[in-house]
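For reference, entry14.csv (CSV, C-alpha atoms):
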```csv
chain,number,residue,atom,x,y,z
K,1,MET,CA,0.0,0.0,0.0
K,2,SER,CA,1.3,3.5,-0.9
K,3,LEU,CA,1.8,6.1,1.7
K,4,ASP,CA,-1.0,8.3,0.2
K,5,ASN,CA,-3.4,5.4,0.4
K,6,LYS,CA,-2.4,4.7,4.0
K,7,LEU,CA,-3.0,8.4,4.8
K,8,ASP,CA,-6.4,8.4,3.2
K,9,GLN,CA,-7.4,5.4,5.3
K,10,VAL,CA,-6.2,7.0,8.5
K,11,LEU,CA,-8.2,10.2,7.7
K,12,SER,CA,-11.2,8.2,6.7
K,13,ARG,CA,-11.2,6.4,10.1
K,14,PHE,CA,-10.6,9.6,12.0
K,15,GLN,CA,-13.6,11.3,10.3
K,16,GLU,CA,-15.7,8.2,11.0
K,17,ILE,CA,-14.9,8.5,14.7
K,18,GLU,CA,-15.7,12.2,14.7
K,19,ALA,CA,-19.1,11.5,13.1
K,20,LEU,CA,-19.9,8.7,15.5
K,21,MET,CA,-19.0,10.8,18.6
K,22,ALA,CA,-20.9,13.8,17.3
K,23,ALA,CA,-24.1,11.8,16.9
K,24,GLY,CA,-24.4,11.4,20.6
K,25,THR,CA,-26.2,8.1,20.5
K,26,LEU,CA,-23.4,5.8,21.6
K,27,PRO,CA,-23.4,3.7,24.8
K,28,ALA,CA,-21.1,5.1,27.4
K,29,GLU,CA,-18.6,2.2,27.1
K,30,ARG,CA,-18.4,2.5,23.3
K,31,PHE,CA,-18.1,6.3,23.5
K,32,THR,CA,-15.2,6.0,26.0
K,33,LYS,CA,-13.4,3.5,23.8
K,34,LEU,CA,-13.8,5.8,20.7
K,35,SER,CA,-12.7,8.8,22.7
K,36,ARG,CA,-9.3,7.1,23.5
K,37,GLU,CA,-8.9,6.1,19.8
K,38,TYR,CA,-9.7,9.7,18.7
K,39,ALA,CA,-7.2,11.1,21.2
K,40,ASP,CA,-4.5,8.7,20.0
K,41,MET,CA,-5.2,9.5,16.3
K,42,THR,CA,-5.5,13.3,16.6
K,43,PRO,CA,-1.7,14.2,16.4
K,44,LEU,CA,-1.4,12.0,13.3
K,45,ALA,CA,-4.6,13.3,11.6
K,46,GLU,CA,-3.4,16.9,12.2
K,47,LYS,CA,0.0,16.1,10.5
K,48,ILE,CA,-1.7,14.4,7.6
K,49,ARG,CA,-4.0,17.4,7.0
K,50,ALA,CA,-1.1,19.8,7.2
K,51,PHE,CA,0.8,17.6,4.7
K,52,LYS,CA,-2.1,17.4,2.3
K,53,LYS,CA,-2.8,21.1,2.6
K,54,ALA,CA,0.9,21.9,1.7
K,55,LYS,CA,0.6,19.7,-1.4
K,56,VAL,CA,-2.5,21.5,-2.6
K,57,GLU,CA,-1.0,24.9,-1.9
K,58,MET,CA,2.1,23.9,-3.9
K,59,LYS,CA,-0.1,22.9,-6.8
K,60,ASP,CA,-1.9,26.2,-6.8
K,61,LEU,CA,1.5,28.1,-6.5
K,62,GLU,CA,2.8,26.2,-9.5
K,63,GLU,CA,-0.1,27.5,-11.6
K,64,LEU,CA,0.6,31.1,-10.4
K,65,MET,CA,4.3,30.6,-11.3
K,66,ALA,CA,3.2,29.7,-14.8
K,67,GLY,CA,1.3,33.0,-15.2
K,68,GLY,CA,2.5,36.1,-16.9
K,69,ASP,CA,2.6,38.6,-13.9
K,70,ARG,CA,6.2,38.8,-12.9
K,71,ASP,CA,5.7,40.2,-9.4
K,72,MET,CA,3.0,37.5,-8.7
K,73,LYS,CA,5.4,34.8,-10.1
K,74,ALA,CA,8.2,35.9,-7.8
K,75,MET,CA,6.0,35.8,-4.7
K,76,ALA,CA,4.6,32.4,-5.8
K,77,GLU,CA,8.1,31.0,-6.3
K,78,GLU,CA,9.2,32.1,-2.8
K,79,ASP,CA,6.2,30.4,-1.2
K,80,PHE,CA,6.5,27.4,-3.4
K,81,TYR,CA,10.1,26.6,-2.4
K,82,ALA,CA,9.5,27.3,1.2
K,83,LEU,CA,6.7,24.7,1.2
K,84,LYS,CA,9.0,22.3,-0.8
K,85,GLU,CA,11.6,22.5,2.0
K,86,GLN,CA,8.9,21.7,4.6
K,87,LEU,CA,7.4,18.8,2.8
K,88,PRO,CA,10.1,16.1,3.5
K,89,GLN,CA,10.0,16.9,7.3
K,90,LEU,CA,6.2,16.7,7.3
K,91,GLU,CA,6.3,13.4,5.5
K,92,ARG,CA,8.9,12.0,8.0
K,93,ASP,CA,6.8,13.1,10.9
K,94,ILE,CA,3.9,11.3,9.5
K,95,GLN,CA,5.9,8.1,8.9
K,96,LEU,CA,7.2,8.2,12.5
K,97,GLU,CA,3.6,8.4,13.7
K,98,LEU,CA,2.8,5.4,11.6
K,99,VAL,CA,5.6,3.3,12.9
K,100,PRO,CA,4.2,0.6,15.3
K,101,LYS,CA,4.6,1.7,18.9
K,102,ASP,CA,6.2,-0.5,21.5
K,103,ALA,CA,3.2,-1.3,23.8
K,104,ASP,CA,5.5,-1.2,26.8
K,105,ASP,CA,6.9,2.3,26.2
K,106,THR,CA,4.4,3.8,28.7
K,107,LYS,CA,5.2,1.4,31.4
K,108,ASN,CA,7.4,1.9,34.5
K,109,ALA,CA,10.7,0.1,34.6
K,110,ILE,CA,12.6,-2.3,36.8
K,111,LEU,CA,16.3,-1.2,36.7
K,112,GLU,CA,18.9,-3.8,37.7
K,113,ILE,CA,22.6,-2.9,38.0
K,114,ARG,CA,25.3,-5.5,38.7
K,115,ALA,CA,29.1,-5.1,39.2
K,116,GLY,CA,31.0,-7.0,36.5
K,117,THR,CA,34.6,-7.6,35.9
K,118,GLY,CA,37.0,-5.3,37.8
K,119,GLY,CA,36.5,-6.2,41.5
K,120,ASP,CA,36.1,-3.2,43.9
K,121,GLU,CA,36.4,-0.7,41.0
K,122,ALA,CA,33.5,-2.4,39.2
K,123,ALA,CA,31.3,-2.1,42.3
K,124,LEU,CA,32.2,1.6,42.7
K,125,PHE,CA,31.3,2.1,39.0
K,126,ALA,CA,28.0,0.3,39.6
K,127,GLY,CA,27.3,2.8,42.4
K,128,ASP,CA,28.1,5.7,40.0
K,129,LEU,CA,25.6,4.3,37.5
K,130,LEU,CA,23.0,4.1,40.2
K,131,ASN,CA,23.5,7.7,41.1
K,132,MET,CA,23.4,8.7,37.4
K,133,TYR,CA,20.0,7.1,37.0
K,134,LYS,CA,18.7,8.5,40.3
K,135,ARG,CA,19.6,12.0,39.2
K,136,TYR,CA,18.2,11.4,35.6
K,137,ALA,CA,14.9,10.2,37.1
K,138,ALA,CA,14.7,13.3,39.3
K,139,LEU,CA,15.3,15.6,36.4
K,140,HIS,CA,12.4,13.9,34.5
K,141,GLY,CA,10.1,14.1,37.5
K,142,TRP,CA,10.1,10.3,38.0
K,143,GLN,CA,9.9,8.4,41.2
K,144,PHE,CA,13.0,6.2,42.0
K,145,GLU,CA,12.7,3.5,44.7
K,146,VAL,CA,15.5,1.0,45.5
K,147,LEU,CA,13.9,-2.4,46.0
K,148,GLU,CA,17.1,-4.4,46.8
K,149,MET,CA,20.7,-3.5,47.2
K,150,SER,CA,23.9,-5.4,48.1
K,151,GLU,CA,26.9,-3.1,48.9
K,152,SER,CA,30.6,-3.8,48.7
K,153,ASP,CA,33.1,-3.2,51.5
K,154,LEU,CA,34.5,0.0,49.9
K,155,GLY,CA,31.0,1.6,49.5
K,156,GLY,CA,30.3,0.4,46.0
K,157,ILE,CA,27.4,-1.8,44.9
K,158,LYS,CA,27.5,-5.5,44.1
K,159,GLN,CA,24.0,-5.4,42.7
K,160,VAL,CA,20.9,-3.2,43.0
K,161,VAL,CA,17.3,-3.4,41.9
K,162,ALA,CA,15.2,-0.3,41.6
K,163,GLU,CA,11.7,0.7,40.4
K,164,VAL,CA,11.5,3.8,38.3
K,165,SER,CA,8.0,5.1,37.8
K,166,GLY,CA,6.6,8.0,35.8
K,167,ARG,CA,5.6,9.1,32.4
K,168,ASP,CA,7.1,7.0,29.5
K,169,VAL,CA,9.9,5.7,31.7
K,170,PHE,CA,10.6,2.5,29.8
K,171,SER,CA,10.6,4.3,26.4
K,172,ARG,CA,13.7,6.1,27.4
K,173,LEU,CA,15.5,3.8,29.8
K,174,LYS,CA,15.2,0.6,27.7
K,175,PHE,CA,18.2,1.7,25.6
K,176,GLU,CA,20.4,1.4,28.8
K,177,SER,CA,20.4,-2.4,28.9
K,178,GLY,CA,23.8,-3.8,28.2
K,179,VAL,CA,27.4,-3.8,29.4
K,180,HIS,CA,28.7,-0.4,30.5
K,181,ARG,CA,32.5,-0.2,30.6
K,182,VAL,CA,34.6,2.4,32.5
K,183,GLN,CA,38.2,3.3,32.0
K,184,ARG,CA,39.8,5.4,34.9
K,185,VAL,CA,42.4,5.4,37.6
K,186,PRO,CA,40.8,3.7,40.7
K,187,ALA,CA,41.0,5.5,44.1
K,188,THR,CA,42.9,2.4,45.3
K,189,GLU,CA,45.5,2.5,42.5
K,190,ALA,CA,48.8,4.0,43.9
K,191,SER,CA,50.7,4.0,40.6
K,192,GLY,CA,48.1,6.0,38.6
K,193,ARG,CA,47.5,3.2,36.2
K,194,VAL,CA,44.2,3.3,34.2
K,195,HIS,CA,42.0,0.2,34.9
K,196,THR,CA,39.1,-1.1,32.8
K,197,SER,CA,36.0,-2.4,34.7
K,198,ALA,CA,32.4,-3.1,33.8
K,199,ALA,CA,28.9,-3.2,35.1
K,200,THR,CA,25.8,-4.7,33.6
K,201,VAL,CA,22.5,-2.8,33.4
K,202,ALA,CA,19.1,-4.5,32.7
K,203,VAL,CA,16.0,-2.5,32.2
K,204,LEU,CA,12.7,-4.4,32.3
K,205,PRO,CA,9.2,-3.1,31.7
K,206,GLU,CA,7.3,-3.4,35.0
K,207,ALA,CA,4.7,-6.1,34.4
K,208,GLU,CA,1.3,-5.9,36.0
K,209,GLU,CA,-0.7,-9.0,36.9
K,210,VAL,CA,-2.8,-8.6,33.7
K,211,ASP,CA,0.5,-8.7,31.6
K,212,MET,CA,1.9,-11.8,33.2
K,213,ASP,CA,-0.3,-14.6,34.6
K,214,ILE,CA,1.7,-16.7,37.0
K,215,ASN,CA,0.2,-19.9,38.4
K,216,ASN,CA,0.7,-20.3,42.1
K,217,GLU,CA,1.4,-24.0,41.5
K,218,ASP,CA,4.5,-22.9,39.5
K,219,LEU,CA,6.0,-21.1,42.5
K,220,ARG,CA,8.1,-22.3,45.4
K,221,ILE,CA,8.2,-19.8,48.2
K,222,ASP,CA,10.8,-20.2,51.0
K,223,VAL,CA,11.1,-17.9,54.0
K,224,PHE,CA,14.2,-17.5,56.2
K,225,ARG,CA,16.1,-15.2,58.5
K,226,ALA,CA,17.7,-12.3,56.7
K,227,GLY,CA,21.5,-12.0,56.8
K,228,GLY,CA,23.7,-8.9,57.0
K,229,ALA,CA,23.3,-5.7,58.9
K,230,GLY,CA,19.9,-4.9,60.4
K,231,GLY,CA,20.1,-5.5,64.2
K,232,GLN,CA,18.3,-8.0,66.3
K,233,HIS,CA,15.1,-8.0,64.2
K,234,VAL,CA,17.1,-9.4,61.2
K,235,ASN,CA,18.4,-12.3,63.3
K,236,LYS,CA,15.2,-13.3,65.0
K,237,THR,CA,12.4,-13.0,62.4
K,238,GLU,CA,12.0,-15.1,59.3
K,239,SER,CA,11.1,-12.1,57.1
K,240,ALA,CA,13.3,-12.8,54.0
K,241,VAL,CA,11.6,-14.4,51.0
K,242,ARG,CA,12.9,-16.6,48.2
K,243,ILE,CA,10.6,-17.2,45.3
K,244,THR,CA,11.5,-19.7,42.6
K,245,HIS,CA,9.6,-19.9,39.3
K,246,ILE,CA,9.8,-23.7,38.8
K,247,PRO,CA,9.2,-23.9,35.0
K,248,THR,CA,12.0,-21.3,34.2
K,249,GLY,CA,14.2,-21.6,37.2
K,250,VAL,CA,14.1,-17.8,37.8
K,251,VAL,CA,14.8,-17.0,41.5
K,252,VAL,CA,14.2,-13.8,43.3
K,253,VAL,CA,15.4,-13.2,46.9
K,254,MET,CA,14.1,-10.2,48.9
K,255,GLN,CA,15.1,-9.4,52.5
K,256,ASP,CA,15.3,-5.6,52.7
K,257,GLU,CA,12.0,-5.1,54.5
K,258,LYS,CA,11.2,-6.2,58.0
K,259,SER,CA,7.8,-7.5,56.9
K,260,GLN,CA,7.6,-10.9,55.2
K,261,HIS,CA,4.5,-9.7,53.3
K,262,LYS,CA,6.3,-6.6,51.9
K,263,ASN,CA,9.3,-8.7,50.9
K,264,LYS,CA,7.0,-11.2,49.1
K,265,ALA,CA,5.2,-8.3,47.2
K,266,LYS,CA,8.5,-6.8,46.1
K,267,ALA,CA,9.9,-10.2,45.0
K,268,MET,CA,6.7,-10.9,43.0
K,269,LYS,CA,7.0,-7.6,41.3
K,270,ILE,CA,10.6,-8.3,40.2
K,271,LEU,CA,9.8,-11.9,39.2
K,272,ARG,CA,6.8,-10.9,37.1
K,273,SER,CA,8.9,-8.3,35.3
K,274,ARG,CA,11.8,-10.7,34.6
K,275,LEU,CA,9.4,-13.3,33.2
K,276,TYR,CA,7.6,-10.7,31.1
K,277,GLU,CA,11.0,-9.4,29.7
K,278,ALA,CA,12.0,-13.0,28.8
K,279,GLN,CA,8.7,-13.3,26.9
K,280,ARG,CA,9.3,-10.0,25.2
K,281,ALA,CA,12.9,-11.1,24.2
K,282,LYS,CA,11.6,-14.4,22.8
K,283,LEU,CA,9.0,-12.6,20.6
K,284,ALA,CA,11.6,-10.0,19.5
K,285,SER,CA,14.0,-12.8,18.5
K,286,GLU,CA,11.4,-14.6,16.5
K,287,ARG,CA,10.4,-11.4,14.7
K,288,ALA,CA,14.1,-10.7,13.8
K,289,ALA,CA,14.9,-14.3,12.8
K,290,ASP,CA,14.4,-13.6,9.1
K,291,ARG,CA,16.5,-10.4,9.0
K,292,LYS,CA,19.9,-10.6,7.3
K,293,GLU,CA,21.6,-8.4,9.9
K,294,GLN,CA,21.1,-7.5,13.5
K,295,VAL,CA,22.3,-4.0,14.3
K,296,GLY,CA,22.2,-2.8,17.9
K,297,SER,CA,20.2,-5.8,18.9
K,298,GLY,CA,20.2,-4.8,22.6
K,299,ASP,CA,21.6,-8.1,23.7
K,300,ARG,CA,22.8,-7.5,27.3
K,301,SER,CA,25.9,-9.4,26.7
K,302,GLU,CA,27.3,-6.8,24.3
K,303,ARG,CA,29.3,-3.8,25.4
K,304,ILE,CA,27.1,-0.8,24.6
K,305,ARG,CA,29.0,2.1,26.2
K,306,THR,CA,32.4,3.2,27.4
K,307,TYR,CA,33.1,5.9,30.0
K,308,ASN,CA,36.7,7.0,29.6
K,309,PHE,CA,37.6,9.4,32.4
K,310,PRO,CA,41.2,10.3,31.4
K,311,GLN,CA,39.9,11.5,28.0
K,312,GLY,CA,36.7,12.9,29.4
K,313,ARG,CA,34.6,11.1,26.8
K,314,VAL,CA,31.5,8.8,26.7
K,315,THR,CA,31.2,6.6,23.6
K,316,ASP,CA,28.0,4.7,22.7
K,317,HIS,CA,29.2,1.9,20.5
K,318,ARG,CA,25.8,1.1,19.0
K,319,ILE,CA,25.6,4.3,17.0
K,320,ASN,CA,29.3,5.4,17.2
K,321,LEU,CA,28.4,8.5,19.2
K,322,THR,CA,31.2,10.1,21.3
K,323,LEU,CA,30.6,13.1,23.6
K,324,TYR,CA,33.3,14.9,25.6
K,325,LYS,CA,31.2,15.8,28.6
K,326,ILE,CA,31.6,12.8,30.8
K,327,ASP,CA,31.0,14.6,34.2
K,328,ARG,CA,27.6,15.9,33.0
K,329,ILE,CA,26.6,12.6,31.6
K,330,VAL,CA,27.5,10.6,34.7
K,331,SER,CA,25.7,13.2,36.8
K,332,GLY,CA,22.6,12.4,34.7
K,333,GLU,CA,22.3,16.0,33.5
K,334,CYS,CA,23.3,15.3,29.9
K,335,LEU,CA,22.3,11.6,29.6
K,336,ASP,CA,19.5,12.7,27.2
K,337,GLU,CA,22.2,13.7,24.8
K,338,VAL,CA,23.0,10.0,24.5
K,339,ILE,CA,19.5,8.6,24.7
K,340,ASP,CA,17.9,10.9,22.2
K,341,PRO,CA,20.2,9.8,19.3
K,342,LEU,CA,19.5,6.2,20.3
K,343,ILE,CA,15.8,6.8,20.0
K,344,SER,CA,16.2,8.5,16.6
K,345,ASN,CA,18.3,5.6,15.4
K,346,ASP,CA,15.7,3.1,16.6
K,347,GLN,CA,13.0,5.1,14.7
K,348,ALA,CA,15.1,5.2,11.6
K,349,GLU,CA,15.6,1.4,11.6
K,350,LYS,CA,11.9,0.8,12.0
K,351,LEU,CA,11.2,3.2,9.2
K,352,ALA,CA,13.7,1.3,7.0
K,353,ASP,CA,11.8,-1.9,7.6
K,354,ILE,CA,8.5,-0.5,6.4
K,355,SER,CA,7.5,-0.5,2.7
K,356,TRP,CA,5.2,2.4,1.9
```

Using structure tokens, write down the structure that the file contains.
Amino acid sequence: MSLDNKLDQVLSRFQEIEALMAAGTLPAERFTKLSREYADMTPLAEKIRAFKKAKVEMKDLEELMAGGDRDMKAMAEEDFYALKEQLPQLERDIQLELVPKDADDTKNAILEIRAGTGGDEAALFAGDLLNMYKRYAALHGWQFEVLEMSESDLGGIKQVVAEVSGRDVFSRLKFESGVHRVQRVPATEASGRVHTSAATVAVLPEAEEVDMDINNEDLRIDVFRAGGAGGQHVNKTESAVRITHIPTGVVVVMQDEKSQHKNKAKAMKILRSRLYEAQRAKLASERAADRKEQVGSGDRSERIRTYNFPQGRVTDHRINLTLYKIDRIVSGECLDEVIDPLISNDQAEKLADISW
């Protein structure tokens, strides 16, 4: 189907909804459903109308340019070429609106960070990443709650799980999944030698119960006394919870709360999101199986970004982007300058896969 035919179909459906809603005879449930569809389609319909209007105006201007009045011809030419410059951007905006949306983009996210190779320095870097995402969340007005955290002896982080909630969280953070590498002189390095360490980041869409149906028969739930710091309560109460999803072998342990009920609720939230992400990954893999190349697949095993402190640069290897503002990126202030190009690249790849 050509782009013009597709646009005509969209406008036809939009006008149909307008007429149905204006009639005022719909049942409340049907009216509510159409109202949502109308709201979702409005930005696209407005862009299509602007695009079609520009094309009509260009045709009229071409006729004026063919006339004999020199002054009128000069004015028409100026307006014609101004519209001609705008047309490609209008068309691209429409195509982006037509690209199938990721249904999970509006969801909250479960963020998991784990220290990788590099010992104590890797744990310190994992802590830096945690602070980066905390600050980034605050700048976007999102809520950031640490669900589980295991610290290292030097104040770093072995692993941490957090919930990030707010508007369109997953749509931006999903590009952070992968291996993050750091190159810098550790505080413990007396000779000033640069070390390379790594931490892994996983971003999962937070799954609701309606997204992921888990049978109780598939779960093994164990309770035990929590270990580590926490005083007498930790040692005397069986508040820690371990949930095992038997069919997949996925295990979640939660012991941060004093309440067994709260630990179980947090553990189920993480388990549900991990299983949902595994399901998403399987579907994505099946859809991509017939493609000749996989570019920026998002596989968490691949190195996605390097933070080089001696050179003051951050390089995202998926799109060959290098920025020399490492302090402002690690602080979260300029992280959007990395994420925005990743979103644009993702949109371009999706556009390339569509035949208009």

List the neighbours of segment 324-333 of chain K out to 10 Å using all atoms listed in the file; skip same-chain residues closer than 5 positions along the sequence, and give me the result as a list in words. Asp128, Leu129, Leu130, Asn131, Met132, Tyr133, Lys134, Arg135, Tyr136, Ala137, Ala138, Leu139, Tyr307, Asn308, Phe309, Pro310, Gln311, Gly312, Arg313, Val314, Thr315 and Val338 of chain K

Which of these, K:Val251, K:Ile17, K:Ala199, K:Ala126, has the shortest distance to Arg274 of chain K once you count all atoms listed in the file?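 Comparing K:Val251, K:Ile17, K:Ala199, K:Ala126 against Arg274 of chain K, the winner is K:Val251.
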
Within 9 Å of Leu20 of chain K, counting all atoms listed in the file, which residues qualify if same-chain residues fewer than 6 places away don't, as a list of chain:residue names? K:Leu26, K:Phe31, K:Leu34

Looking at K:Leu204, K:Leu96, K:Ala82, K:Ile157, which one is nearest to Ala281 of chain K, with distances taken over all atoms listed in the file?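 Closest to Ala281 of chain K of all the choices is K:Leu204.
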
Could you list, as a ChimeraX atom specification, every residue within 12 Å of Glu257 of chain K, counting all atoms listed in the file and ignoring same-chain residues fewer than 2 positions away? /K:146-149,225-227,230,233-234,237-241,253-255,259-267

Protein/DNA/RNA residues near (0.7, 21.9, 0.1), cut 12 Å, all atoms listed in the file, as a list in words: Lys47, Ile48, Arg49, Ala50, Phe51, Lys52, Lys53, Ala54, Lys55, Val56, Glu57, Met58, Lys59, Asp60, Leu61, Glu62, Asp79, Phe80, Tyr81, Ala82, Leu83, Lys84, Glu85, Gln86, Leu87, Pro88, Leu90 and Glu91 of chain K

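Nearest residue to Lys6 of chain K among K:Ala187, K:Glu112, K:Ala45, K:Ile214 is K:Ala45, counting all atoms listed in the file.
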
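For the atom pair formed by atom CA of Gln95 of chain K and atom CA of Tyr38 of chain K, the distance is 18.5 Å, given to one decimal.
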
What separates atom CA of Leu44 of chain K and atom CA of Glu18 of chain K is a distance of 14.4 Å

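The interatomic distance for the pair atom CA of Ser197 of chain K and atom CA of Gln143 of chain K works out to 29.0 Å.
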
Find the spatial neighbours of Leu342 of chain K, counting all atoms listed in the file, within a cut-off of 12 Å - ignore same-chain residues fewer than 6 positions away - and output them as a list in words. Ser171, Arg172, Leu173, Lys174, Phe175, Glu176, Gly296, Gly298, Ile304, Arg305, Asp316, His317, Arg318, Ile319, Asn320, Leu321, Leu335, Asp336, Ala348 and Glu349 of chain K

Pick from K:Ile243, K:Leu98, K:Val164, K:Ala103 nearest to Leu7 of chain K, counting only C-alpha atoms: K:Leu98

Please return segment 50-70 of chain K, rebuilt to N, CA and C atoms, as a PDB file, in the frame of the given file.
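Output file part05.pdb follows:
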```
ATOM      1  N   ALA K  50      -2.064  18.760   7.485  1.00  0.00           N
ATOM      2  CA  ALA K  50      -1.100  19.800   7.200  1.00  0.00           C
ATOM      3  C   ALA K  50      -0.274  19.388   5.924  1.00  0.00           C
ATOM      4  N   PHE K  51       0.047  18.094   5.813  1.00  0.00           N
ATOM      5  CA  PHE K  51       0.800  17.600   4.700  1.00  0.00           C
ATOM      6  C   PHE K  51      -0.024  17.724   3.379  1.00  0.00           C
ATOM      7  N   LYS K  52      -1.287  17.317   3.439  1.00  0.00           N
ATOM      8  CA  LYS K  52      -2.100  17.400   2.300  1.00  0.00           C
ATOM      9  C   LYS K  52      -2.398  18.855   1.861  1.00  0.00           C
ATOM     10  N   LYS K  53      -2.576  19.722   2.862  1.00  0.00           N
ATOM     11  CA  LYS K  53      -2.800  21.100   2.600  1.00  0.00           C
ATOM     12  C   LYS K  53      -1.588  21.751   1.888  1.00  0.00           C
ATOM     13  N   ALA K  54      -0.379  21.366   2.341  1.00  0.00           N
ATOM     14  CA  ALA K  54       0.900  21.900   1.700  1.00  0.00           C
ATOM     15  C   ALA K  54       0.955  21.445   0.270  1.00  0.00           C
ATOM     16  N   LYS K  55       0.576  20.203  -0.011  1.00  0.00           N
ATOM     17  CA  LYS K  55       0.600  19.700  -1.400  1.00  0.00           C
ATOM     18  C   LYS K  55      -0.347  20.453  -2.301  1.00  0.00           C
ATOM     19  N   VAL K  56      -1.540  20.725  -1.786  1.00  0.00           N
ATOM     20  CA  VAL K  56      -2.500  21.500  -2.600  1.00  0.00           C
ATOM     21  C   VAL K  56      -2.042  22.901  -2.830  1.00  0.00           C
ATOM     22  N   GLU K  57      -1.490  23.514  -1.785  1.00  0.00           N
ATOM     23  CA  GLU K  57      -1.000  24.900  -1.900  1.00  0.00           C
ATOM     24  C   GLU K  57       0.155  24.935  -2.944  1.00  0.00           C
ATOM     25  N   MET K  58       1.013  23.926  -2.934  1.00  0.00           N
ATOM     26  CA  MET K  58       2.100  23.900  -3.900  1.00  0.00           C
ATOM     27  C   MET K  58       1.589  23.788  -5.327  1.00  0.00           C
ATOM     28  N   LYS K  59       0.528  23.010  -5.504  1.00  0.00           N
ATOM     29  CA  LYS K  59      -0.100  22.900  -6.800  1.00  0.00           C
ATOM     30  C   LYS K  59      -0.626  24.215  -7.317  1.00  0.00           C
ATOM     31  N   ASP K  60      -1.295  24.918  -6.400  1.00  0.00           N
ATOM     32  CA  ASP K  60      -1.900  26.200  -6.800  1.00  0.00           C
ATOM     33  C   ASP K  60      -0.744  27.240  -7.065  1.00  0.00           C
ATOM     34  N   LEU K  61       0.352  27.159  -6.288  1.00  0.00           N
ATOM     35  CA  LEU K  61       1.500  28.100  -6.500  1.00  0.00           C
ATOM     36  C   LEU K  61       2.158  27.798  -7.851  1.00  0.00           C
ATOM     37  N   GLU K  62       2.196  26.529  -8.243  1.00  0.00           N
ATOM     38  CA  GLU K  62       2.800  26.200  -9.500  1.00  0.00           C
ATOM     39  C   GLU K  62       1.996  26.840 -10.680  1.00  0.00           C
ATOM     40  N   GLU K  63       0.689  26.902 -10.551  1.00  0.00           N
ATOM     41  CA  GLU K  63      -0.100  27.500 -11.600  1.00  0.00           C
ATOM     42  C   GLU K  63       0.117  29.046 -11.624  1.00  0.00           C
ATOM     43  N   LEU K  64       0.307  29.646 -10.426  1.00  0.00           N
ATOM     44  CA  LEU K  64       0.600  31.100 -10.400  1.00  0.00           C
ATOM     45  C   LEU K  64       1.988  31.355 -11.013  1.00  0.00           C
ATOM     46  N   MET K  65       2.927  30.450 -10.769  1.00  0.00           N
ATOM     47  CA  MET K  65       4.300  30.600 -11.300  1.00  0.00           C
ATOM     48  C   MET K  65       4.269  30.531 -12.848  1.00  0.00           C
ATOM     49  N   ALA K  66       3.302  29.817 -13.375  1.00  0.00           N
ATOM     50  CA  ALA K  66       3.200  29.700 -14.800  1.00  0.00           C
ATOM     51  C   ALA K  66       2.540  30.887 -15.486  1.00  0.00           C
ATOM     52  N   GLY K  67       1.971  31.798 -14.653  1.00  0.00           N
ATOM     53  CA  GLY K  67       1.300  33.000 -15.200  1.00  0.00           C
ATOM     54  C   GLY K  67       2.248  34.027 -15.692  1.00  0.00           C
ATOM     55  N   GLY K  68       1.663  35.130 -16.216  1.00  0.00           N
ATOM     56  CA  GLY K  68       2.500  36.100 -16.900  1.00  0.00           C
ATOM     57  C   GLY K  68       2.928  37.266 -15.951  1.00  0.00           C
ATOM     58  N   ASP K  69       2.239  37.475 -14.801  1.00  0.00           N
ATOM     59  CA  ASP K  69       2.600  38.600 -13.900  1.00  0.00           C
ATOM     60  C   ASP K  69       3.891  38.291 -13.200  1.00  0.00           C
ATOM     61  N   ARG K  70       4.907  39.124 -13.446  1.00  0.00           N
ATOM     62  CA  ARG K  70       6.200  38.800 -12.900  1.00  0.00           C
ATOM     63  C   ARG K  70       6.295  38.940 -11.391  1.00  0.00           C
TER      64      ARG K  70
END
```
